[in-house]
Amino acid sequence: MANLKVTAEDEKRVKALGFLRNKGTDNFSGRIITVNGKITAAQNKCLSEAAELYGNGNITFTSRLTIEVQGIPYDKIEDFRAYIAKEGLVTGGTGSKVRPIVCCKGTTCQYGLIDTFGLSEKIHEEFYNGYADVKLPHKFKIGIGGCPNNCIKPDLNDLGIIGQNIPNYDEDLCMGCKKCSVEEACPIGAAYSEDGVLKIDTESCNNCGRCIGKCHFDAIEDGQTGYKVAIGGMWGKRVNRGIPLNKIFTSEEEVMSVVEKAILLYREQGKTGERFAQTIERLGFDNVEAQLLSDDILSRKQEILEAQLHLTGGATC
Ligand code: SF4
Ligand code: SF4
Ligand code: SF4
């Protein structure tokens with residue numbers, strides 16, 4: 001360690017740019033933001049070239065859908081950034097702020113109920129880029145899953161979004177078949193026959209939409225696309241499963257608004273160093289939910305953004 005030339009101060013400076021020291025060396029891993037886990041063939045090629053030109057030739061993938069090129073010498077960092085910028089790629093993703101968004105492949109997945117890539121891109125633009133200079137008490141992670149299969153574990157993020165398809169069931173059309181194809185289609189037993197008629201237990205139904213169109217008598221012809229939002233999840237030194245808000249949102253605009261309100265609330269009412277889960281625990285879920293479902297906090301947006309808060313955030317990694 002005694003021979004290292006890059007100072008702690010320089011290390012901190014480049015960390016904010018997304019370059020993390022390879023332990024025991026003066027080389028760094030550059031963290032590239034993929035926006036939604038999807039890159040073009042041209043970007044892929046550019047990264048491979050950059051890894052050979054400036055790094056040690058290795059590329060790794062992080063759990064939050066970013067890509068790290070290892071072994072970049074400190075004095076090659078700017079050249080590396082300029083090289084990947086040719087294909088519109090940037091580094092970053094550290095600090096006490098909105099972190100790179102993680103989404104599943106819901107847009108193309110056979111079970112996907114929402115356009116996860118599209119929504120991820122919008123949130124990235126608005127709240128990763130748009131709020132890049134907004135300091136928060138700690139990191140703020142957002143995850144988007146295309147259906148209740150929860151492949152990317154949205155509810156282990158500070159804010160998780162889960163695609164929904166809420167079945168429109170018309171009980172009057174139910175003929176009470178001996179063998180109900182809707183009951184058979186439901187993977188979790190939320191649809192069941194009782195007294196010769198199909199019932200849906202709305203408490204346990206996760207709105208996966210798998211029953212839609214399965215009734216031969218059109219009792220469930222269609223459904224309503226929706227977005228469940230869970231708040232206060234985290235995974236790491238401390239583990240917490242996010243709690244869903246008691247409202248299913250039915251448009252992307254509503255979801256964008258609730259994401260913004262959550263970030264503003266966390267900035268305004270969170271204490272430096274605490275994760276969103278702890279803020280929610282301290283303020284009470286009902287209180288936080290009421291604020292997220294009303295627009296009061298948006299009327300204070302400018303004031304919240306301009307306040308001198310969390311000048312040194314709590315995130316250490
Ligand atoms: S969460 Fe659903 S939509 Fe997303 S990858 Fe998994 S199964 Fe597909
Ligand atoms: S298949 Fe349709 S009509 Fe028959 S029991 Fe099920 S919901 Fe009712
Ligand atoms: S939406 Fe999914 S969980 Fe709900 S009743 Fe239909 S199949 Fe079952």
# chains A, B, ... in the order shown; residues from 1 in each chain; ligands from 1
>>> select_by_dssp(residues="range 133-270 of chain A", states="alpha helix (DSSP H)", output="list in words")
Ser181, Val182, Glu183, Glu184, Ala185, Glu252, Glu253, Glu254, Val255, Met256, Ser257, Val258, Val259, Glu260, Lys261, Ala262, Ile263, Leu264, Leu265, Tyr266, Arg267, Glu268 and Gln269 of chain A
>>> write_last_selection(atoms="N, CA and C atoms", output="PDB file, in the first residue's frame")
ATOM      1  N   SER A 181     -62.020 -22.934 -15.730  1.00  0.00           N
ATOM      2  CA  SER A 181     -60.714 -22.706 -16.368  1.00  0.00           C
ATOM      3  C   SER A 181     -59.992 -21.499 -15.753  1.00  0.00           C
ATOM      4  N   VAL A 182     -60.748 -20.618 -15.139  1.00  0.00           N
ATOM      5  CA  VAL A 182     -60.127 -19.463 -14.484  1.00  0.00           C
ATOM      6  C   VAL A 182     -59.414 -19.936 -13.214  1.00  0.00           C
ATOM      7  N   GLU A 183     -60.111 -20.764 -12.466  1.00  0.00           N
ATOM      8  CA  GLU A 183     -59.526 -21.317 -11.241  1.00  0.00           C
ATOM      9  C   GLU A 183     -58.233 -22.067 -11.581  1.00  0.00           C
ATOM     10  N   GLU A 184     -58.299 -22.811 -12.681  1.00  0.00           N
ATOM     11  CA  GLU A 184     -57.121 -23.589 -13.091  1.00  0.00           C
ATOM     12  C   GLU A 184     -55.958 -22.690 -13.522  1.00  0.00           C
ATOM     13  N   ALA A 185     -56.296 -21.527 -14.072  1.00  0.00           N
ATOM     14  CA  ALA A 185     -55.240 -20.635 -14.588  1.00  0.00           C
ATOM     15  C   ALA A 185     -54.551 -19.839 -13.481  1.00  0.00           C
ATOM     16  N   GLU A 252     -48.547   5.868 -16.227  1.00  0.00           N
ATOM     17  CA  GLU A 252     -47.126   6.157 -15.992  1.00  0.00           C
ATOM     18  C   GLU A 252     -46.957   7.526 -15.349  1.00  0.00           C
ATOM     19  N   GLU A 253     -47.836   8.466 -15.732  1.00  0.00           N
ATOM     20  CA  GLU A 253     -47.744   9.831 -15.186  1.00  0.00           C
ATOM     21  C   GLU A 253     -47.903   9.792 -13.665  1.00  0.00           C
ATOM     22  N   GLU A 254     -48.889   9.007 -13.201  1.00  0.00           N
ATOM     23  CA  GLU A 254     -49.110   8.896 -11.752  1.00  0.00           C
ATOM     24  C   GLU A 254     -47.884   8.295 -11.065  1.00  0.00           C
ATOM     25  N   VAL A 255     -47.289   7.290 -11.723  1.00  0.00           N
ATOM     26  CA  VAL A 255     -46.124   6.627 -11.133  1.00  0.00           C
ATOM     27  C   VAL A 255     -44.956   7.608 -11.055  1.00  0.00           C
ATOM     28  N   MET A 256     -44.739   8.363 -12.148  1.00  0.00           N
ATOM     29  CA  MET A 256     -43.652   9.346 -12.159  1.00  0.00           C
ATOM     30  C   MET A 256     -43.847  10.356 -11.024  1.00  0.00           C
ATOM     31  N   SER A 257     -45.090  10.749 -10.821  1.00  0.00           N
ATOM     32  CA  SER A 257     -45.379  11.734  -9.789  1.00  0.00           C
ATOM     33  C   SER A 257     -45.097  11.159  -8.392  1.00  0.00           C
ATOM     34  N   VAL A 258     -45.484   9.913  -8.163  1.00  0.00           N
ATOM     35  CA  VAL A 258     -45.275   9.337  -6.829  1.00  0.00           C
ATOM     36  C   VAL A 258     -43.778   9.103  -6.578  1.00  0.00           C
ATOM     37  N   VAL A 259     -43.022   8.796  -7.632  1.00  0.00           N
ATOM     38  CA  VAL A 259     -41.569   8.631  -7.472  1.00  0.00           C
ATOM     39  C   VAL A 259     -40.966   9.976  -7.057  1.00  0.00           C
ATOM     40  N   GLU A 260     -41.388  11.035  -7.734  1.00  0.00           N
ATOM     41  CA  GLU A 260     -40.852  12.366  -7.409  1.00  0.00           C
ATOM     42  C   GLU A 260     -41.218  12.758  -5.972  1.00  0.00           C
ATOM     43  N   LYS A 261     -42.461  12.489  -5.586  1.00  0.00           N
ATOM     44  CA  LYS A 261     -42.886  12.855  -4.227  1.00  0.00           C
ATOM     45  C   LYS A 261     -42.072  12.079  -3.185  1.00  0.00           C
ATOM     46  N   ALA A 262     -41.798  10.807  -3.482  1.00  0.00           N
ATOM     47  CA  ALA A 262     -41.028   9.994  -2.529  1.00  0.00           C
ATOM     48  C   ALA A 262     -39.610  10.552  -2.369  1.00  0.00           C
ATOM     49  N   ILE A 263     -39.000  10.959  -3.485  1.00  0.00           N
ATOM     50  CA  ILE A 263     -37.631  11.491  -3.404  1.00  0.00           C
ATOM     51  C   ILE A 263     -37.626  12.819  -2.626  1.00  0.00           C
ATOM     52  N   LEU A 264     -38.619  13.662  -2.929  1.00  0.00           N
ATOM     53  CA  LEU A 264     -38.692  14.957  -2.240  1.00  0.00           C
ATOM     54  C   LEU A 264     -38.927  14.768  -0.745  1.00  0.00           C
ATOM     55  N   LEU A 265     -39.816  13.827  -0.421  1.00  0.00           N
ATOM     56  CA  LEU A 265     -40.119  13.565   0.996  1.00  0.00           C
ATOM     57  C   LEU A 265     -38.869  13.074   1.720  1.00  0.00           C
ATOM     58  N   TYR A 266     -38.158  12.171   1.059  1.00  0.00           N
ATOM     59  CA  TYR A 266     -36.934  11.609   1.664  1.00  0.00           C
ATOM     60  C   TYR A 266     -35.907  12.726   1.879  1.00  0.00           C
ATOM     61  N   ARG A 267     -35.785  13.597   0.908  1.00  0.00           N
ATOM     62  CA  ARG A 267     -34.815  14.705   1.041  1.00  0.00           C
ATOM     63  C   ARG A 267     -35.231  15.657   2.161  1.00  0.00           C
ATOM     64  N   GLU A 268     -36.504  15.960   2.209  1.00  0.00           N
ATOM     65  CA  GLU A 268     -36.975  16.945   3.187  1.00  0.00           C
ATOM     66  C   GLU A 268     -37.043  16.384   4.606  1.00  0.00           C
ATOM     67  N   GLN A 269     -37.537  15.143   4.737  1.00  0.00           N
ATOM     68  CA  GLN A 269     -37.845  14.639   6.071  1.00  0.00           C
ATOM     69  C   GLN A 269     -36.901  13.536   6.566  1.00  0.00           C
TER      70      GLN A 269
END
>>> residues_near_ligand(ligand="ligand 2", cutoff="12 Å", atoms="only C-alpha atoms and all ligand atoms", output="number ranges by chain")
A: 167-186, 191-200, 211-221
>>> residues_around(residues="Gly143 in chain A", least_positions_apart="6", cutoff="9 Å", atoms="only C-alpha atoms", output="PDB file with N, CA and C atoms, in the first residue's frame")
ATOM      1  N   ILE A 101     -31.195   2.993 -12.177  1.00  0.00           N
ATOM      2  CA  ILE A 101     -32.480   2.285 -12.077  1.00  0.00           C
ATOM      3  C   ILE A 101     -32.286   0.833 -12.541  1.00  0.00           C
ATOM      4  N   VAL A 102     -32.948  -0.071 -11.841  1.00  0.00           N
ATOM      5  CA  VAL A 102     -32.893  -1.483 -12.246  1.00  0.00           C
ATOM      6  C   VAL A 102     -34.279  -1.905 -12.719  1.00  0.00           C
ATOM      7  N   CYS A 103     -34.333  -2.531 -13.894  1.00  0.00           N
ATOM      8  CA  CYS A 103     -35.624  -3.063 -14.331  1.00  0.00           C
ATOM      9  C   CYS A 103     -35.434  -4.462 -14.896  1.00  0.00           C
ATOM     10  N   CYS A 104     -36.504  -5.232 -14.923  1.00  0.00           N
ATOM     11  CA  CYS A 104     -36.439  -6.552 -15.553  1.00  0.00           C
ATOM     12  C   CYS A 104     -36.782  -6.384 -17.031  1.00  0.00           C
ATOM     13  N   SER A 120     -38.250   2.638 -17.215  1.00  0.00           N
ATOM     14  CA  SER A 120     -36.924   2.791 -16.624  1.00  0.00           C
ATOM     15  C   SER A 120     -36.185   3.967 -17.274  1.00  0.00           C
ATOM     16  N   ILE A 152     -36.595  -9.163 -10.391  1.00  0.00           N
ATOM     17  CA  ILE A 152     -35.503  -8.283  -9.934  1.00  0.00           C
ATOM     18  C   ILE A 152     -35.762  -7.765  -8.515  1.00  0.00           C
ATOM     19  N   LYS A 153     -36.715  -8.384  -7.838  1.00  0.00           N
ATOM     20  CA  LYS A 153     -36.995  -8.059  -6.423  1.00  0.00           C
ATOM     21  C   LYS A 153     -37.257  -6.561  -6.204  1.00  0.00           C
ATOM     22  N   PRO A 154     -38.246  -6.009  -6.884  1.00  0.00           N
ATOM     23  CA  PRO A 154     -38.503  -4.560  -6.766  1.00  0.00           C
ATOM     24  C   PRO A 154     -38.709  -4.106  -5.319  1.00  0.00           C
ATOM     25  N   ASP A 155     -39.360  -4.960  -4.506  1.00  0.00           N
ATOM     26  CA  ASP A 155     -39.670  -4.488  -3.148  1.00  0.00           C
ATOM     27  C   ASP A 155     -38.487  -4.584  -2.182  1.00  0.00           C
ATOM     28  N   LEU A 156     -37.288  -4.874  -2.702  1.00  0.00           N
ATOM     29  CA  LEU A 156     -36.086  -4.758  -1.871  1.00  0.00           C
ATOM     30  C   LEU A 156     -35.329  -3.476  -2.235  1.00  0.00           C
ATOM     31  N   ASN A 157     -35.991  -2.614  -2.998  1.00  0.00           N
ATOM     32  CA  ASN A 157     -35.451  -1.292  -3.327  1.00  0.00           C
ATOM     33  C   ASN A 157     -36.136  -0.240  -2.444  1.00  0.00           C
ATOM     34  N   ASP A 158     -35.530   0.926  -2.348  1.00  0.00           N
ATOM     35  CA  ASP A 158     -36.162   2.004  -1.565  1.00  0.00           C
ATOM     36  C   ASP A 158     -37.551   2.283  -2.127  1.00  0.00           C
ATOM     37  N   LEU A 159     -37.650   2.189  -3.454  1.00  0.00           N
ATOM     38  CA  LEU A 159     -38.964   2.304  -4.091  1.00  0.00           C
ATOM     39  C   LEU A 159     -39.035   1.268  -5.209  1.00  0.00           C
ATOM     40  N   GLY A 160     -40.033   0.422  -5.128  1.00  0.00           N
ATOM     41  CA  GLY A 160     -40.181  -0.635  -6.132  1.00  0.00           C
ATOM     42  C   GLY A 160     -41.507  -0.498  -6.870  1.00  0.00           C
ATOM     43  N   ILE A 161     -41.453  -0.750  -8.169  1.00  0.00           N
ATOM     44  CA  ILE A 161     -42.655  -0.659  -8.997  1.00  0.00           C
ATOM     45  C   ILE A 161     -42.912  -2.044  -9.583  1.00  0.00           C
ATOM     46  N   ILE A 162     -44.161  -2.504  -9.501  1.00  0.00           N
ATOM     47  CA  ILE A 162     -44.480  -3.855  -9.981  1.00  0.00           C
ATOM     48  C   ILE A 162     -45.659  -3.779 -10.945  1.00  0.00           C
TER      49      ILE A 162
END
>>> atom_distance(atom1="CA of Leu4 in chain A", atom2="CA of Ile84 in chain A")
26.9 Å
>>> closest_residue(among="A:Ala290, A:Leu89, A:Cys109, A:Val239", to="ligand 1", atoms="only C-alpha atoms and all ligand atoms")
A:Cys109
>>> closest_residue(among="A:Asn149, A:Ser63, A:Asn44, A:Gln302", to="ligand 3", atoms="only C-alpha atoms and all ligand atoms")
A:Asn149
>>> residues_near_ligand(ligand="ligand 1", cutoff="6 Å", atoms="only C-alpha atoms and all ligand atoms", output="compact mmCIF listing (two decimals) with C-alpha atoms, in the first residue's frame")
# COMPACT_ATOMS: atom_id res chain seq x y z
CA CYS A 104 -36.44 -6.55 -15.55
CA LYS A 105 -36.99 -7.43 -19.20
CA GLY A 106 -40.75 -7.01 -18.80
CA CYS A 109 -40.93 -11.10 -21.34
CA TYR A 111 -45.26 -12.39 -18.48
CA GLY A 112 -44.50 -8.67 -18.69
CA GLY A 145 -40.53 -5.39 -12.24
CA GLY A 146 -42.82 -6.25 -15.12
CA CYS A 147 -45.13 -8.59 -13.18
CA ASN A 149 -43.03 -12.76 -10.39
CA ASN A 150 -40.67 -10.11 -8.97
CA CYS A 151 -37.54 -11.38 -10.79
>>> residues_around(residues="range 272-279 of chain A", least_positions_apart="5", cutoff="8 Å", atoms="only C-alpha atoms", output="count of residues only")
18
>>> closest_residue(among="A:Ile32, A:Leu283, A:Val6, A:Ala16", to="Gln70 in chain A", atoms="only C-alpha atoms")
A:Ile32
